[in-house]
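Coordinates as given in coords-v8.txt (compact mmCIF, C-alpha atoms):
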```txt
# COMPACT_ATOMS: atom_id res chain seq x y z
CA ALA A 1 0.94 -5.53 4.85
CA SER A 2 1.41 -5.43 1.11
CA ASP A 3 4.56 -6.51 -0.71
CA ALA A 4 4.15 -3.64 -3.19
CA ARG A 5 6.98 -1.14 -3.08
CA GLY A 6 5.26 1.44 -5.24
CA LEU A 7 6.58 2.90 -8.48
CA PHE A 8 9.74 4.95 -8.19
CA ALA A 9 11.19 7.17 -10.89
CA ARG A 10 14.32 9.29 -11.08
CA PRO A 11 14.95 12.21 -13.40
CA GLY A 12 16.15 10.95 -16.77
CA LEU A 13 15.34 7.33 -16.00
CA GLY A 14 12.36 5.09 -16.33
CA ALA A 15 10.53 3.57 -13.39
CA VAL A 16 12.88 1.81 -11.02
CA PRO A 17 11.77 -0.59 -8.29
CA ALA A 18 14.38 -0.01 -5.60
CA TRP A 19 14.56 3.28 -3.75
CA PRO A 20 15.90 3.71 -1.11
CA PRO A 21 18.53 0.98 -1.49
CA GLY A 22 18.63 -1.94 0.89
CA PRO A 23 16.07 -4.45 2.16
CA ILE A 24 12.66 -3.43 3.39
CA ALA A 25 11.11 -4.86 6.49
CA TRP A 26 7.86 -6.15 5.08
CA ARG A 27 9.37 -8.36 2.39
CA ARG A 28 8.05 -11.92 2.56
CA GLY A 29 9.79 -15.14 1.65
CA GLY A 30 13.43 -14.08 2.11
CA PRO A 31 15.70 -14.31 5.13
CA ALA A 32 14.86 -10.78 6.20
CA ARG A 33 11.97 -10.75 8.66
CA PRO A 34 10.27 -7.83 10.42
CA ALA A 35 11.95 -6.91 13.66
CA GLY A 36 8.81 -5.18 14.90
CA PRO A 37 5.28 -4.12 13.95
CA VAL A 38 4.37 -3.11 10.42
CA HIS A 39 2.26 0.04 10.22
CA ARG A 40 -0.80 -0.22 8.00
CA GLY A 41 -2.63 2.67 6.41
CA ARG A 42 -1.63 6.00 4.91
CA GLY A 43 1.79 7.25 5.72
CA SER A 44 4.61 4.82 5.11
CA TRP A 45 6.42 3.05 2.28
CA TYR A 46 7.75 0.29 4.46
CA SER A 47 7.69 -0.95 8.03
CA THR A 48 8.88 1.53 10.60
CA VAL A 49 11.33 -1.03 11.95
CA SER A 50 14.48 -2.20 10.20
CA THR A 51 15.19 -5.78 9.26
CA CYS A 52 17.83 -7.85 10.97
CA ARG A 53 20.16 -10.18 9.08
CA GLY A 54 23.15 -11.84 10.68
CA GLY A 55 22.81 -9.65 13.74
CA ALA A 56 23.28 -6.41 11.79
CA MET A 57 20.52 -3.84 11.56
CA LEU A 58 19.76 -2.86 7.99
CA GLY A 59 17.35 -0.76 5.97
CA TRP A 60 15.33 2.30 6.76
CA VAL A 61 12.87 3.52 9.36
CA THR A 62 9.94 5.64 8.17
CA ASP A 63 7.17 7.38 10.00
CA GLY A 64 3.65 6.11 9.40
CA GLY A 65 0.03 7.06 10.02
CA LEU A 66 0.64 10.69 11.01
CA GLU A 67 -2.95 11.88 11.02
CA THR A 68 -4.21 8.76 12.79
CA ASP A 69 -1.55 9.23 15.46
CA LEU A 70 -2.43 12.89 15.92
CA ILE A 71 -6.15 12.23 16.25
CA PHE A 72 -6.19 9.10 18.40
CA HIS A 73 -2.96 9.38 20.40
CA ARG A 74 -2.64 13.14 20.83
CA GLY A 75 -6.24 14.34 20.67
CA VAL A 76 -5.71 16.77 17.79
CA ASP A 77 -8.69 17.97 15.73
CA LEU A 78 -7.81 17.87 12.02
CA PRO A 79 -10.45 19.53 9.83
CA GLU A 80 -10.56 17.79 6.43
CA PHE A 81 -7.94 15.35 7.80
CA ALA A 82 -5.30 18.00 7.10
CA SER A 83 -2.19 18.19 9.27
CA PHE A 84 -0.23 20.83 7.34
CA PRO A 85 -1.77 23.82 9.22
CA LEU A 86 -0.11 22.53 12.39
CA VAL A 87 3.31 23.74 11.22
CA GLU A 88 2.27 27.38 11.60
CA GLN A 89 1.86 27.63 15.37
CA GLU A 90 4.62 26.70 17.80
CA ALA A 91 2.40 24.62 20.10
CA THR A 92 1.05 22.45 17.30
CA ALA A 93 4.39 22.35 15.49
CA GLN A 94 5.83 20.84 18.66
CA LEU A 95 3.28 18.02 18.44
CA LEU A 96 4.64 17.25 14.98
CA ARG A 97 8.22 17.35 16.23
CA ASP A 98 7.40 14.95 19.05
CA TYR A 99 5.87 12.56 16.52
CA TYR A 100 8.86 12.66 14.16
CA LEU A 101 11.49 12.56 16.89
CA GLY A 102 10.05 9.28 18.14
CA TYR A 103 10.89 7.68 14.79
CA ALA A 104 14.31 9.32 14.74
CA GLN A 105 15.08 7.71 18.09
CA ILE A 106 14.03 4.30 16.73
CA ALA A 107 16.32 4.72 13.71
CA GLN A 108 19.23 5.80 15.88
CA ARG A 109 18.84 2.82 18.23
CA ALA A 110 18.52 0.43 15.27
CA GLY A 111 21.45 1.85 13.33
CA ALA A 112 19.10 2.35 10.40
CA GLY A 113 18.49 5.11 7.90
CA LEU A 114 15.56 7.45 8.45
CA VAL A 115 12.93 8.72 5.99
CA LEU A 116 10.55 11.32 7.44
CA GLU A 117 7.55 12.43 5.40
CA THR A 118 6.11 15.94 5.52
CA PRO A 119 2.61 16.60 6.95
CA THR A 120 1.43 17.89 3.57
CA TRP A 121 -0.94 15.21 2.26
CA ARG A 122 -3.74 17.79 2.00
CA ALA A 123 -1.59 20.81 1.10
CA ASN A 124 -2.74 21.09 -2.53
CA PRO A 125 -4.90 23.76 -4.21
CA ASP A 126 -8.35 22.17 -3.83
CA TRP A 127 -8.00 21.12 -0.20
CA GLY A 128 -6.06 24.29 0.58
CA LYS A 129 -8.92 26.41 -0.74
CA THR A 130 -11.38 24.50 1.44
CA LEU A 131 -9.19 25.33 4.45
CA GLY A 132 -8.69 28.98 3.46
CA TYR A 133 -5.23 28.77 1.87
CA GLY A 134 -4.30 30.46 -1.40
CA ALA A 135 -1.32 29.66 -3.60
CA ASN A 136 1.16 31.85 -1.73
CA ALA A 137 0.11 30.50 1.65
CA LEU A 138 0.39 26.92 0.44
CA ASP A 139 3.85 27.59 -0.97
CA GLY A 140 5.04 28.95 2.35
CA THR A 141 3.44 26.20 4.40
CA ASN A 142 4.81 23.41 2.21
CA GLN A 143 8.32 24.83 2.52
CA GLN A 144 7.89 25.34 6.25
CA ALA A 145 6.82 21.72 6.60
CA VAL A 146 10.02 20.55 4.92
CA GLU A 147 12.12 22.68 7.25
CA LEU A 148 10.30 21.35 10.32
CA VAL A 149 10.76 17.72 9.29
CA ARG A 150 14.43 18.26 8.44
CA SER A 151 15.00 19.61 11.95
CA CYS A 152 13.76 16.31 13.41
CA ARG A 153 16.40 14.04 11.90
CA GLY A 154 18.48 14.23 15.07
CA ASP A 155 21.77 12.37 15.08
CA VAL A 156 20.77 9.78 12.47
CA SER A 157 23.64 9.37 10.03
CA ARG A 158 21.44 8.51 7.00
CA GLY A 159 18.39 10.74 6.83
CA MET A 160 16.03 11.80 4.07
CA VAL A 161 13.07 14.17 3.90
CA SER A 162 10.16 13.07 1.72
CA GLY A 163 7.71 15.70 0.48
CA ILE A 164 4.24 14.18 0.62
CA ILE A 165 1.64 14.82 -2.06
CA GLY A 166 -1.90 13.59 -1.67
CA PRO A 167 -4.54 13.02 -4.32
CA ARG A 168 -6.51 15.92 -5.74
CA GLY A 169 -9.72 14.21 -4.69
CA ASP A 170 -10.83 12.09 -1.80
CA GLY A 171 -8.23 9.37 -2.08
CA TYR A 172 -10.84 6.67 -2.56
CA ILE A 173 -12.63 8.10 -5.60
CA ALA A 174 -10.79 8.54 -8.90
CA ALA A 175 -10.44 12.23 -9.74
CA GLY A 176 -9.54 12.64 -13.38
CA SER A 177 -7.84 10.85 -16.23
CA ARG A 178 -5.60 13.50 -17.83
CA ALA A 179 -1.92 13.27 -16.96
CA ASP A 180 -1.04 16.75 -18.28
CA GLU A 181 -3.77 18.31 -16.16
CA ALA A 182 -2.51 16.43 -13.11
CA ALA A 183 1.05 17.61 -13.78
CA ASP A 184 -0.10 21.23 -13.92
CA TYR A 185 -2.19 20.78 -10.79
CA HIS A 186 0.54 19.26 -8.62
CA ARG A 187 3.45 21.29 -10.01
CA GLY A 188 3.07 24.07 -7.45
CA GLN A 189 3.50 21.75 -4.49
CA VAL A 190 6.38 19.92 -6.15
CA THR A 191 8.07 23.26 -6.83
CA SER A 192 7.67 24.27 -3.18
CA PHE A 193 9.31 21.03 -2.11
CA ALA A 194 12.15 21.45 -4.59
CA LYS A 195 12.85 24.99 -3.36
CA ALA A 196 12.95 23.68 0.22
CA GLY A 197 15.42 20.96 -0.76
CA VAL A 198 13.52 17.71 -0.25
CA ASP A 199 15.33 14.47 -1.05
CA VAL A 200 12.32 12.89 -2.73
CA VAL A 201 8.68 13.62 -3.55
CA HIS A 202 6.19 10.90 -2.60
CA ALA A 203 2.58 10.88 -3.83
CA MET A 204 0.46 8.48 -1.81
CA THR A 205 -3.08 7.09 -1.89
CA ILE A 206 -3.24 7.79 -5.61
CA ASN A 207 -6.07 5.82 -7.20
CA GLU A 208 -5.64 6.12 -10.94
CA PRO A 209 -2.63 6.12 -13.29
CA ALA A 210 -3.09 9.52 -14.93
CA GLU A 211 -2.66 11.44 -11.67
CA ALA A 212 0.40 9.37 -10.83
CA ILE A 213 1.93 10.07 -14.23
CA GLY A 214 1.20 13.77 -13.77
CA VAL A 215 3.02 13.87 -10.42
CA ILE A 216 6.01 12.07 -11.95
CA ARG A 217 6.13 14.59 -14.80
CA ALA A 218 5.99 17.50 -12.38
CA ALA A 219 8.76 16.04 -10.24
CA ARG A 220 10.97 15.29 -13.22
CA GLY A 221 10.46 18.86 -14.35
CA GLU A 222 11.93 20.01 -11.03
CA GLY A 223 14.70 17.40 -11.09
CA VAL A 224 13.73 15.57 -7.91
CA PRO A 225 13.25 11.82 -7.40
CA VAL A 226 9.64 10.73 -7.01
CA GLY A 227 7.78 7.77 -5.55
CA ILE A 228 4.16 6.78 -6.12
CA SER A 229 1.96 4.68 -3.82
CA PHE A 230 -1.50 3.61 -4.95
CA THR A 231 -4.74 2.91 -3.14
CA VAL A 232 -6.15 -0.38 -4.38
CA GLU A 233 -9.12 -2.57 -3.51
CA THR A 234 -8.71 -6.00 -1.95
CA ASP A 235 -8.93 -7.58 -5.42
CA GLY A 236 -5.96 -5.49 -6.59
```
Can I see the file as structure tokens?
Amino acid sequence: ASDARGLFARPGLGAVPAWPPGPIAWRRGGPARPAGPVHRGRGSWYSTVSTCRGGAMLGWVTDGGLETDLIFHRGVDLPEFASFPLVEQEATAQLLRDYYLGYAQIAQRAGAGLVLETPTWRANPDWGKTLGYGANALDGTNQQAVELVRSCRGDVSRGMVSGIIGPRGDGYIAAGSRADEAADYHRGQVTSFAKAGVDVVHAMTINEPAEAIGVIRAARGEGVPVGISFTVETDG
């Protein structure tokens, strides 16, 4: 697993390297060591298991690898690798709840905080159009996704909902170099998240700086914290 924590920015501030506060489980070299497996792939900022120092459980639990879990563990067909349509029907929404509640139980047992990320990686205009969703439908689905995830926090005392934004393109091929255009493009999804009351917006598998800057600008415009995670090659 990488040591990179991503680039985090808060409204009115520059990039800051430490959100949420506290140690993260995949840090190397220090006294904190992973207390369990580290999830690789799309879907998590840190390990899904808290660190242990001096016998006390610290840090945060996050979910990780949602789509992979749905496909390989639950047998769900995800056209275009999109999980956001699942929030609309009760049977498929329950699959999402079962997934998130598993992580909530881990956090509760560990005495850790919990960050759950919405199933909205593909819920942007281009991918939405491919799947038959217009702007109004995407707005409703993005907000519904936030509400579903919030309902899965259970009895965890420290819980946050992260609104996930995916890249405009494939995720492995750079899709543009104009930050203002990216801000306009992603603003609708960010606005939906802000209306639904997310704690943070997180854009993941971003592969070039301009799109990342655009997401940050859109989030700052709505007054919500934002995190960016990049896709990089093995040479960095």
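Residue nearest Asp63 in chain A within the list A:Thr141, A:Gln108, A:Thr118, A:Thr234: A:Thr118 [criterion: smallest interatomic distance, all atoms listed in the file].
All residues of protein, DNA or RNA that reach within 12 Å of Val76 in chain A, judged by only C-alpha atoms and not counting those fewer than 2 positions away in the chain, are A:Leu66, A:Glu67, A:Thr68, A:Asp69, A:Leu70, A:Ile71, A:Phe72, A:His73, A:Arg74, A:Leu78, A:Pro79, A:Phe81, A:Ala82, A:Ser83, A:Pro85, A:Leu86, A:Ala91, A:Thr92, A:Ala93, A:Leu95, A:Leu96.
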Any chance you could tabulate, as a Markdown table, the residues of range 137-197 of chain A at most 8 Å from range 99-107 of chain A with each one's nearest atom pair and distance in Å to one decimal, using all atoms listed in the file, in chain and rising number order?
```
| residue | atom | partner | partner_atom | distance |
| --- | --- | --- | --- | --- |
| A:Val149 | CA | A:Tyr100 | CA | 7.3 |
| A:Cys152 | CA | A:Leu101 | CA | 5.6 |
| A:Arg153 | CA | A:Ala104 | CA | 5.9 |
| A:Gly154 | CA | A:Ala104 | CA | 6.5 |
| A:Val156 | CA | A:Ala107 | CA | 6.9 |
```
Pull C-alpha atoms from the residues just selected and write them as a PDB file, in the coordinates of the input.
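Below is the file out_26.pdb, written as the result:
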```pdb
ATOM      1  CA  VAL A 149      10.760  17.720   9.290  1.00  0.00           C
ATOM      2  CA  CYS A 152      13.760  16.310  13.410  1.00  0.00           C
ATOM      3  CA  ARG A 153      16.400  14.040  11.900  1.00  0.00           C
ATOM      4  CA  GLY A 154      18.480  14.230  15.070  1.00  0.00           C
ATOM      5  CA  VAL A 156      20.770   9.780  12.470  1.00  0.00           C
TER       6      VAL A 156
END
```
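Across the model, the gap from CA of Phe84 in chain A to CA of Ala135 in chain A is 14.1 Å.
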Could you tell me, as a short mmCIF file (atom, residue, chain, number, x, y, z; two decimals) with C-alpha atoms, in the coordinates of the input, which residues have any atom at most 12 Å from (14.0, 17.5, 4.7), counting only C-alpha atoms?
```
data_model
loop_
_atom_site.label_atom_id
_atom_site.label_comp_id
_atom_site.auth_asym_id
_atom_site.auth_seq_id
_atom_site.Cartn_x
_atom_site.Cartn_y
_atom_site.Cartn_z
CA TYR A 100 8.86 12.66 14.16
CA LEU A 114 15.56 7.45 8.45
CA VAL A 115 12.93 8.72 5.99
CA LEU A 116 10.55 11.32 7.44
CA GLU A 117 7.55 12.43 5.40
CA THR A 118 6.11 15.94 5.52
CA PRO A 119 2.61 16.60 6.95
CA ASN A 142 4.81 23.41 2.21
CA GLN A 143 8.32 24.83 2.52
CA GLN A 144 7.89 25.34 6.25
CA ALA A 145 6.82 21.72 6.60
CA VAL A 146 10.02 20.55 4.92
CA GLU A 147 12.12 22.68 7.25
CA LEU A 148 10.30 21.35 10.32
CA VAL A 149 10.76 17.72 9.29
CA ARG A 150 14.43 18.26 8.44
CA SER A 151 15.00 19.61 11.95
CA CYS A 152 13.76 16.31 13.41
CA ARG A 153 16.40 14.04 11.90
CA GLY A 154 18.48 14.23 15.07
CA ARG A 158 21.44 8.51 7.00
CA GLY A 159 18.39 10.74 6.83
CA MET A 160 16.03 11.80 4.07
CA VAL A 161 13.07 14.17 3.90
CA SER A 162 10.16 13.07 1.72
CA GLY A 163 7.71 15.70 0.48
CA ILE A 164 4.24 14.18 0.62
CA PHE A 193 9.31 21.03 -2.11
CA ALA A 194 12.15 21.45 -4.59
CA LYS A 195 12.85 24.99 -3.36
CA ALA A 196 12.95 23.68 0.22
CA GLY A 197 15.42 20.96 -0.76
CA VAL A 198 13.52 17.71 -0.25
CA ASP A 199 15.33 14.47 -1.05
CA VAL A 200 12.32 12.89 -2.73
CA VAL A 201 8.68 13.62 -3.55
#
```
For Gly128 in chain A, which residue among A:Gly227, A:Gly169, A:Gly111, A:Gly214 is the nearest when counting all atoms listed in the file? A:Gly169
Residue contacts of range 175-186 of chain A (12 Å, only C-alpha atoms) excluding same-chain residues fewer than 3 positions away, as a VMD selection string: chain A and resid 121 to 126 135 138 to 139 164 to 172 189 to 193 201 to 203 205 to 222
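Distance check against Thr62 in chain A using only C-alpha atoms: of A:Gly75, A:Gly113, A:Pro225, A:Gln94, the minimum falls on A:Gly113.
The space between CA of Asp155 in chain A and CA of Ala110 in chain A spans 12.4 Å.
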CA of Asp77 in chain A and CA of Gly132 in chain A, how far apart in Å? 16.5 Å
